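Everything below belongs to coords35.cif, which stores mmCIF, C-alpha atoms and all ligand atoms.
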```
data_protein
#
loop_
_atom_site.label_atom_id
_atom_site.label_comp_id
_atom_site.auth_asym_id
_atom_site.auth_seq_id
_atom_site.Cartn_x
_atom_site.Cartn_y
_atom_site.Cartn_z
CA MET A 1233 -7.65 152.54 161.58
CA ILE A 1234 -6.82 156.10 160.55
CA PRO A 1235 -9.89 157.85 159.13
CA ASP A 1236 -9.81 159.99 155.96
CA ILE A 1237 -11.64 162.92 157.53
CA SER A 1238 -11.45 164.55 160.96
CA ILE A 1239 -14.34 166.81 161.92
CA VAL A 1240 -13.24 169.27 164.62
CA ILE A 1241 -15.85 171.11 166.65
CA PRO A 1242 -15.15 173.75 169.32
CA LEU A 1243 -17.91 173.66 171.91
CA TYR A 1244 -18.66 175.90 174.86
CA ASN A 1245 -21.96 175.51 176.74
CA GLU A 1246 -24.02 173.97 173.94
CA VAL A 1247 -25.71 171.13 175.84
CA ASP A 1248 -28.95 171.14 173.83
CA ASN A 1249 -27.13 171.22 170.50
CA ILE A 1250 -24.95 168.13 171.07
CA GLU A 1251 -27.50 165.45 170.21
CA PRO A 1252 -28.98 167.07 167.05
CA LEU A 1253 -25.53 168.08 165.81
CA CYS A 1254 -24.02 164.62 166.21
CA GLN A 1255 -27.08 162.94 164.66
CA ALA A 1256 -26.90 165.31 161.68
CA ILE A 1257 -23.21 164.51 161.17
CA ILE A 1258 -23.88 160.76 161.29
CA GLY A 1259 -26.68 161.21 158.74
CA VAL A 1260 -24.45 163.15 156.33
CA MET A 1261 -21.18 161.21 156.67
CA GLN A 1262 -22.82 157.74 156.48
CA ASP A 1263 -20.23 155.20 155.37
CA ARG A 1264 -17.36 157.64 154.80
CA SER A 1265 -14.25 157.08 156.86
CA TYR A 1266 -14.33 159.84 159.50
CA GLU A 1267 -13.82 160.80 163.13
CA VAL A 1268 -15.43 163.60 165.11
CA ILE A 1269 -13.35 165.48 167.68
CA ILE A 1270 -15.40 167.75 169.90
CA VAL A 1271 -13.36 170.09 172.04
CA ASP A 1272 -15.24 171.10 175.17
CA ASP A 1273 -13.88 174.53 175.97
CA GLY A 1274 -14.56 174.47 179.73
CA SER A 1275 -18.35 174.11 179.56
CA THR A 1276 -20.35 174.47 182.76
CA ASP A 1277 -23.89 173.70 181.50
CA GLY A 1278 -23.79 169.90 181.46
CA SER A 1279 -22.21 169.66 177.99
CA THR A 1280 -19.20 167.86 179.49
CA GLU A 1281 -21.26 164.98 180.91
CA LYS A 1282 -23.43 164.78 177.78
CA LEU A 1283 -20.36 164.61 175.53
CA LYS A 1284 -18.66 161.96 177.64
CA GLU A 1285 -21.79 159.83 177.53
CA TRP A 1286 -22.27 160.31 173.76
CA CYS A 1287 -18.64 159.52 172.93
CA SER A 1288 -18.47 156.47 175.19
CA LEU A 1289 -21.06 154.84 172.94
CA ARG A 1290 -19.45 155.63 169.57
CA SER A 1291 -15.92 154.69 168.63
CA ASN A 1292 -15.45 157.43 166.02
CA PHE A 1293 -16.57 160.26 168.33
CA ARG A 1294 -14.07 161.66 170.77
CA SER A 1295 -14.29 164.54 173.21
CA ILE A 1296 -11.46 166.58 174.68
CA HIS A 1297 -12.14 168.65 177.77
CA PHE A 1298 -10.36 171.84 178.78
CA LYS A 1299 -9.92 172.58 182.48
CA LYS A 1300 -11.41 176.02 181.90
CA ASN A 1301 -12.60 178.20 179.05
CA ALA A 1302 -9.65 179.04 176.79
CA GLY A 1303 -11.40 180.44 173.70
CA GLN A 1304 -12.53 179.18 170.33
CA THR A 1305 -9.09 179.34 168.68
CA ALA A 1306 -7.57 177.23 171.47
CA ALA A 1307 -10.37 174.69 171.13
CA MET A 1308 -9.81 174.47 167.37
CA ASP A 1309 -6.05 174.19 167.84
CA ALA A 1310 -6.44 171.29 170.28
CA GLY A 1311 -8.77 169.57 167.82
CA PHE A 1312 -6.24 170.00 165.01
CA LYS A 1313 -3.54 168.44 167.17
CA TYR A 1314 -5.66 165.37 167.93
CA ALA A 1315 -6.94 165.02 164.34
CA THR A 1316 -5.54 162.10 162.37
CA GLY A 1317 -7.36 162.35 159.02
CA GLU A 1318 -5.78 163.61 155.82
CA TYR A 1319 -8.58 166.16 155.63
CA VAL A 1320 -9.92 168.29 158.47
CA VAL A 1321 -13.34 169.98 158.61
CA THR A 1322 -14.36 172.54 161.22
CA LEU A 1323 -17.83 173.71 162.12
CA ASP A 1324 -19.60 175.35 165.03
CA ALA A 1325 -21.41 173.28 167.62
CA ASP A 1326 -24.54 175.43 167.63
CA MET A 1327 -26.19 174.08 164.47
CA GLN A 1328 -25.86 177.41 162.66
CA ASN A 1329 -23.65 175.61 160.12
CA ASP A 1330 -25.17 172.79 158.10
CA PRO A 1331 -23.34 169.43 158.24
CA SER A 1332 -24.89 168.55 154.86
CA ASP A 1333 -22.55 171.13 153.29
CA ILE A 1334 -19.49 169.08 154.35
CA PRO A 1335 -19.35 166.87 151.20
CA LYS A 1336 -19.43 170.00 149.01
CA LEU A 1337 -16.38 171.39 150.80
CA LEU A 1338 -14.50 168.08 150.68
CA GLU A 1339 -15.09 167.78 146.96
CA LYS A 1340 -13.25 171.07 146.35
CA LEU A 1341 -10.41 170.08 148.64
CA GLY A 1342 -9.02 167.93 145.84
CA ALA A 1343 -7.97 171.12 144.02
CA TYR A 1344 -7.34 173.47 146.97
CA ASP A 1345 -5.56 173.36 150.33
CA MET A 1346 -8.44 175.11 152.09
CA VAL A 1347 -12.12 175.56 151.30
CA CYS A 1348 -14.05 178.21 153.23
CA GLY A 1349 -17.80 178.35 153.67
CA TRP A 1350 -19.43 181.60 152.59
CA ARG A 1351 -22.68 182.31 154.43
CA GLN A 1352 -24.24 184.29 151.62
CA LYS A 1353 -27.61 184.36 153.43
CA ARG A 1354 -26.78 185.03 157.07
CA ASN A 1355 -29.39 184.04 159.63
CA ASP A 1356 -28.22 186.21 162.50
CA PRO A 1357 -29.73 189.26 164.22
CA TRP A 1358 -29.45 192.40 162.01
CA ILE A 1359 -26.77 193.99 164.20
CA LYS A 1360 -24.52 190.98 163.73
CA ARG A 1361 -25.17 190.84 159.98
CA ILE A 1362 -24.27 194.49 159.52
CA SER A 1363 -21.23 194.39 161.81
CA SER A 1364 -19.97 191.31 159.99
CA LYS A 1365 -20.35 193.03 156.59
CA VAL A 1366 -18.45 196.07 157.85
CA ALA A 1367 -15.79 193.87 159.47
CA ASN A 1368 -15.27 191.84 156.30
CA SER A 1369 -14.85 194.92 154.15
CA ILE A 1370 -12.40 196.61 156.58
CA ARG A 1371 -10.51 193.34 156.94
CA ASN A 1372 -10.24 192.86 153.19
CA LYS A 1373 -9.16 196.44 152.62
CA LEU A 1374 -6.52 196.57 155.35
CA SER A 1375 -5.11 193.13 154.71
CA ASP A 1376 -5.44 193.30 150.91
CA GLU A 1377 -7.68 190.25 150.84
CA ASP A 1378 -10.79 189.15 148.95
CA ILE A 1379 -12.30 186.59 151.35
CA LYS A 1380 -16.05 187.17 151.58
CA ASP A 1381 -16.77 185.49 154.90
CA THR A 1382 -13.68 184.68 156.92
CA GLY A 1383 -15.80 184.33 160.09
CA CYS A 1384 -17.63 181.25 158.83
CA SER A 1385 -16.42 178.31 160.91
CA LEU A 1386 -17.44 175.75 158.30
CA LYS A 1387 -14.15 175.16 156.53
CA ALA A 1388 -12.16 172.23 155.17
CA TYR A 1389 -8.38 171.92 155.15
CA ARG A 1390 -5.62 169.56 154.16
CA ARG A 1391 -4.14 168.56 157.51
CA GLU A 1392 -0.53 168.70 156.35
CA CYS A 1393 -1.08 172.44 155.66
CA LEU A 1394 -2.78 173.08 159.00
CA ASN A 1395 0.24 171.61 160.75
CA LYS A 1396 2.36 174.47 159.41
CA ILE A 1397 0.16 177.20 160.92
CA LYS A 1398 0.86 178.53 164.41
CA LEU A 1399 -2.33 179.84 165.97
CA PHE A 1400 -2.77 182.64 168.51
CA ASN A 1401 -5.93 183.56 170.39
CA GLY A 1402 -8.46 185.05 167.94
CA MET A 1403 -6.53 183.96 164.85
CA HIS A 1404 -9.07 181.34 163.77
CA ARG A 1405 -10.79 184.28 162.03
CA PHE A 1406 -7.75 184.81 159.83
CA LEU A 1407 -7.02 181.23 158.81
CA PRO A 1408 -7.59 181.88 155.07
CA THR A 1409 -4.98 184.68 155.11
CA LEU A 1410 -2.57 182.62 157.24
CA PHE A 1411 -2.91 179.80 154.69
CA LYS A 1412 -2.19 182.13 151.79
CA LEU A 1413 0.84 183.51 153.63
CA GLU A 1414 2.27 179.99 153.60
CA GLY A 1415 1.66 179.77 149.86
CA PHE A 1416 -1.38 177.48 150.17
CA SER A 1417 -4.42 177.76 147.90
CA VAL A 1418 -7.79 178.90 149.27
CA THR A 1419 -11.27 179.01 147.76
CA GLU A 1420 -14.83 179.66 148.96
CA VAL A 1421 -18.15 177.89 148.45
CA ILE A 1422 -21.62 179.11 149.36
CA VAL A 1423 -23.05 177.30 152.40
CA ASN A 1424 -26.26 177.32 154.43
CA HIS A 1425 -26.63 179.23 157.65
CA TYR A 1426 -29.39 178.85 160.21
CA PRO A 1427 -30.55 180.83 163.22
CA ARG A 1428 -29.43 179.55 166.60
CA LYS A 1429 -32.20 177.41 168.13
CA PHE A 1430 -30.62 176.49 171.45
CA GLY A 1431 -28.17 178.27 173.72
CA LYS A 1432 -26.66 181.73 173.36
CA SER A 1433 -23.99 183.33 171.19
CA LYS A 1434 -20.70 183.62 173.06
CA TYR A 1435 -19.72 186.92 171.50
CA GLY A 1436 -20.97 190.49 171.77
CA VAL A 1437 -20.77 192.67 168.67
CA PHE A 1438 -18.49 195.32 170.14
CA ASN A 1439 -16.00 193.25 172.13
CA ARG A 1440 -15.49 191.01 169.10
CA ALA A 1441 -15.08 193.99 166.74
CA PHE A 1442 -12.41 195.55 168.95
CA ARG A 1443 -10.42 192.33 169.41
CA ALA A 1444 -10.71 191.38 165.76
CA PHE A 1445 -9.49 194.83 164.70
CA LEU A 1446 -6.34 194.49 166.80
CA ASP A 1447 -5.79 191.02 165.34
CA LEU A 1448 -6.26 192.45 161.87
CA LEU A 1449 -3.41 194.90 162.42
CA VAL A 1450 -1.18 191.99 163.39
CA VAL A 1451 -2.12 190.04 160.28
CA ARG A 1452 -1.55 193.13 158.13
CA TRP A 1453 1.90 193.48 159.68
CA MET A 1454 2.65 189.79 159.06
CA LYS A 1455 1.72 190.15 155.40
CA LYS A 1456 3.91 193.22 155.01
CA ARG A 1457 6.89 191.63 156.71
CA LYS A 1458 6.64 188.26 155.02
CA LEU A 1459 10.12 187.11 154.00
CA ASN A 1460 10.53 187.28 150.28
CA TYR A 1461 13.73 186.04 148.71
CA GLU A 1462 14.99 183.77 145.96
CA VAL A 1463 18.37 182.03 145.94
CA ARG A 1464 20.48 182.49 142.80
CA ASN A 1465 21.58 179.30 141.14
CA ASP A 1466 24.66 180.63 139.30
N1 LIG A 1501 -16.95 178.60 171.34
C1 LIG A 1501 -15.90 178.02 172.06
N2 LIG A 1501 -15.26 178.76 173.00
C2 LIG A 1501 -15.58 180.06 173.26
C3 LIG A 1501 -16.61 180.67 172.49
C4 LIG A 1501 -17.26 179.90 171.54
O1 LIG A 1501 -15.59 176.84 171.86
O2 LIG A 1501 -14.95 180.68 174.15
C5 LIG A 1501 -17.66 177.80 170.33
C6 LIG A 1501 -19.18 177.81 170.44
O3 LIG A 1501 -19.67 176.83 171.33
C7 LIG A 1501 -19.58 177.57 168.99
C8 LIG A 1501 -18.50 178.31 168.21
O4 LIG A 1501 -17.38 178.40 169.08
O5 LIG A 1501 -19.51 176.19 168.69
C9 LIG A 1501 -18.93 179.69 167.74
O6 LIG A 1501 -19.50 180.41 168.83
P1 LIG A 1501 -20.88 181.20 168.69
O7 LIG A 1501 -21.88 180.36 167.98
O8 LIG A 1501 -21.25 181.71 170.03
O9 LIG A 1501 -20.45 182.42 167.75
P2 LIG A 1501 -21.37 183.23 166.74
O10 LIG A 1501 -22.03 182.24 165.83
O11 LIG A 1501 -22.35 183.95 167.58
O12 LIG A 1501 -20.42 184.10 166.01
MG MG A 1502 -23.04 180.58 166.20
#
```

Written form, structure tokens:
Amino acid sequence: MIPDISIVIPLYNEVDNIEPLCQAIIGVMQDRSYEVIIVDDGSTDGSTEKLKEWCSLRSNFRSIHFKKNAGQTAAMDAGFKYATGEYVVTLDADMQNDPSDIPKLLEKLGAYDMVCGWRQKRNDPWIKRISSKVANSIRNKLSDEDIKDTGCSLKAYRRECLNKIKLFNGMHRFLPTLFKLEGFSVTEVIVNHYPRKFGKSKYGVFNRAFRAFLDLLVVRWMKKRKLNYEVRND
């Protein structure tokens, strides 16, 4: 049976987060019709074995395993391709996002094509909080946007819209803008954010800032060069 909702989770070396994350999702989703697709992005810490074991016991949990690490956007993209639900939800595997926010996002999806989580109270080290604030304001200025927290992985989408978006490495951070470029509607809702309890962040502040800045220039270019024409009917 095709589920209504597909929850897609990119996961790289998060072995201690797998069990609490999956239990939390089961607790929140209860009797809704859903599937969980966890994309193991080349983990080497035992996550692969743990995921295989977990998914073998539950019919609505599925894991996909990359041969080697290919990056968070690739992991999300693979999850989108395997998703079958009308609605897709993404969140991080590290328990920094709160699965109990999922129903709030889905509720808004009735009126919008994409709903983005906004981590109003960030629970990250100060350097990350500040760099994210700076990055969001530069990103909004240069790409003429007003998204408060594009980096929040907790998002919900209509799958038919996602299918129209071609992703490139790093572009998961620009999904709200890519959606708007296609003419889709986007909104934001405030969500919880928790400190990481297990495992380590996969990104350094400076390497991410540099990469994301280059990506921003590409997105700015795409917005400027968007085709804009109307056919006359006379
Ligand atoms: N992740 C991934 N592949 C990567 C890097 C990260 O699948 O190459 C996953 C990671 O396991 C987590 C999410 O992407 O589920 C976000 O990563 P992280 O929590 O390290 O980012 P941060 O919260 O520090 O920005
Ligand atoms: Mg995280």

Contacts of region 1377-1382 of chain A within 7 Å, all atoms listed in the file, excl. fewer than 3 positions in-chain, as a VMD selection string: chain A and resid 1350 to 1351 1368 1372 to 1373 1405 to 1406 1408

Residue nearest ligand MG 1502 (chain A) among A:Leu1323, A:Val1268, A:Val1421, A:Leu1374 (counting only C-alpha atoms and all ligand atoms): A:Leu1323

Could you list, with a cut-off of 9 Å and counting all atoms listed in the file, the residues of chain A near ligand LIG 1501 (chain A), each shown with its nearest atom pair and the distance in Å rounded to one decimal, rows sorted by chain and ascending number, as JSON lines?
```
{"residue": "A:Ile1241", "atom": "CA", "partner": "A:LIG1501", "partner_atom": "O5", "distance": 6.6}
{"residue": "A:Pro1242", "atom": "CA", "partner": "A:LIG1501", "partner_atom": "O1", "distance": 4.0}
{"residue": "A:Leu1243", "atom": "CA", "partner": "A:LIG1501", "partner_atom": "O3", "distance": 3.7}
{"residue": "A:Tyr1244", "atom": "CA", "partner": "A:LIG1501", "partner_atom": "O3", "distance": 3.8}
{"residue": "A:Asn1245", "atom": "CA", "partner": "A:LIG1501", "partner_atom": "O3", "distance": 6.0}
{"residue": "A:Glu1246", "atom": "CA", "partner": "A:LIG1501", "partner_atom": "O3", "distance": 5.8}
{"residue": "A:Val1271", "atom": "CA", "partner": "A:LIG1501", "partner_atom": "O1", "distance": 7.1}
{"residue": "A:Asp1272", "atom": "CA", "partner": "A:LIG1501", "partner_atom": "O1", "distance": 6.6}
{"residue": "A:Asp1273", "atom": "CA", "partner": "A:LIG1501", "partner_atom": "O1", "distance": 5.0}
{"residue": "A:Gly1274", "atom": "CA", "partner": "A:LIG1501", "partner_atom": "N2", "distance": 8.0}
{"residue": "A:Ser1275", "atom": "CA", "partner": "A:LIG1501", "partner_atom": "N2", "distance": 8.6}
{"residue": "A:Asn1301", "atom": "CA", "partner": "A:LIG1501", "partner_atom": "O2", "distance": 6.0}
{"residue": "A:Ala1302", "atom": "CA", "partner": "A:LIG1501", "partner_atom": "O2", "distance": 6.1}
{"residue": "A:Gly1303", "atom": "CA", "partner": "A:LIG1501", "partner_atom": "O2", "distance": 3.6}
{"residue": "A:Gln1304", "atom": "CA", "partner": "A:LIG1501", "partner_atom": "N2", "distance": 3.8}
{"residue": "A:Thr1305", "atom": "CA", "partner": "A:LIG1501", "partner_atom": "N2", "distance": 7.6}
{"residue": "A:Ala1306", "atom": "CA", "partner": "A:LIG1501", "partner_atom": "N2", "distance": 8.0}
{"residue": "A:Ala1307", "atom": "CA", "partner": "A:LIG1501", "partner_atom": "O1", "distance": 5.7}
{"residue": "A:Met1308", "atom": "CA", "partner": "A:LIG1501", "partner_atom": "O1", "distance": 7.7}
{"residue": "A:Leu1323", "atom": "CA", "partner": "A:LIG1501", "partner_atom": "O5", "distance": 7.2}
{"residue": "A:Asp1324", "atom": "CA", "partner": "A:LIG1501", "partner_atom": "O5", "distance": 3.8}
{"residue": "A:Ala1325", "atom": "CA", "partner": "A:LIG1501", "partner_atom": "O5", "distance": 3.6}
{"residue": "A:Asp1326", "atom": "CA", "partner": "A:LIG1501", "partner_atom": "O5", "distance": 5.2}
{"residue": "A:Met1327", "atom": "CA", "partner": "A:LIG1501", "partner_atom": "O5", "distance": 8.2}
{"residue": "A:Gln1328", "atom": "CA", "partner": "A:LIG1501", "partner_atom": "O10", "distance": 6.9}
{"residue": "A:Asn1329", "atom": "CA", "partner": "A:LIG1501", "partner_atom": "O10", "distance": 8.9}
{"residue": "A:Asp1356", "atom": "CA", "partner": "A:LIG1501", "partner_atom": "O10", "distance": 8.1}
{"residue": "A:Lys1360", "atom": "CA", "partner": "A:LIG1501", "partner_atom": "O11", "distance": 8.3}
{"residue": "A:Gly1383", "atom": "CA", "partner": "A:LIG1501", "partner_atom": "O12", "distance": 7.5}
{"residue": "A:Cys1384", "atom": "CA", "partner": "A:LIG1501", "partner_atom": "O12", "distance": 8.2}
{"residue": "A:Ser1385", "atom": "CA", "partner": "A:LIG1501", "partner_atom": "C9", "distance": 7.4}
{"residue": "A:Arg1428", "atom": "CA", "partner": "A:LIG1501", "partner_atom": "O7", "distance": 7.7}
{"residue": "A:Gly1431", "atom": "CA", "partner": "A:LIG1501", "partner_atom": "O8", "distance": 8.6}
{"residue": "A:Lys1432", "atom": "CA", "partner": "A:LIG1501", "partner_atom": "O8", "distance": 6.4}
{"residue": "A:Ser1433", "atom": "CA", "partner": "A:LIG1501", "partner_atom": "O8", "distance": 3.4}
{"residue": "A:Lys1434", "atom": "CA", "partner": "A:LIG1501", "partner_atom": "O8", "distance": 3.6}
{"residue": "A:Tyr1435", "atom": "CA", "partner": "A:LIG1501", "partner_atom": "O11", "distance": 5.6}
{"residue": "A:Gly1436", "atom": "CA", "partner": "A:LIG1501", "partner_atom": "O11", "distance": 7.9}
{"residue": "A:Val1437", "atom": "CA", "partner": "A:LIG1501", "partner_atom": "O11", "distance": 8.9}
```

Separation of CA of Gly1415 (chain A) from CA of Met1454 (chain A), in Å and rounded to one decimal: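 Separation between CA of Gly1415 (chain A) and CA of Met1454 (chain A): 13.6 Å.
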
Residue contacts of Ala1388 (chain A) (12 Å, all atoms listed in the file) excluding same-chain residues fewer than 4 positions away, as a count of residues only: 41

Shortest interatomic distance to Val1247 (chain A) - which of A:Lys1282, A:Arg1264, A:Ile1269, A:Asn1401, counting all atoms listed in the file: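 Counting all atoms listed in the file, the residue closest to Val1247 (chain A) is A:Lys1282.
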
One-decimal distance in Å that lies between CA of Arg1452 (chain A) and CA of Asp1309 (chain A):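 Taking CA of Asp1309 (chain A) and CA of Arg1452 (chain A), their separation equals 21.8 Å.
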
Given all atoms listed in the file as the counted atoms, nearest of A:Ser1332, A:Ala1310, A:Met1261, A:Ile1250 to Lys1284 (chain A):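 Selected residue with least distance to Lys1284 (chain A): A:Ile1250.
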
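With all atoms listed in the file as the basis for measurement, A:Phe1430 is the residue among A:Phe1430, A:Gln1262, A:Met1233, A:Ile1257 that approaches ligand MG 1502 (chain A) most closely.
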
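CA of Leu1386 (chain A) sits 10.4 Å away from CA of Ile1422 (chain A).
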
Residue nearest Gly1311 (chain A) among A:Phe1438, A:Phe1400, A:Trp1286, A:Phe1298 (counting only C-alpha atoms):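 Between A:Phe1438, A:Phe1400, A:Trp1286, A:Phe1298, the residue approaching Gly1311 (chain A) most closely is A:Phe1298.
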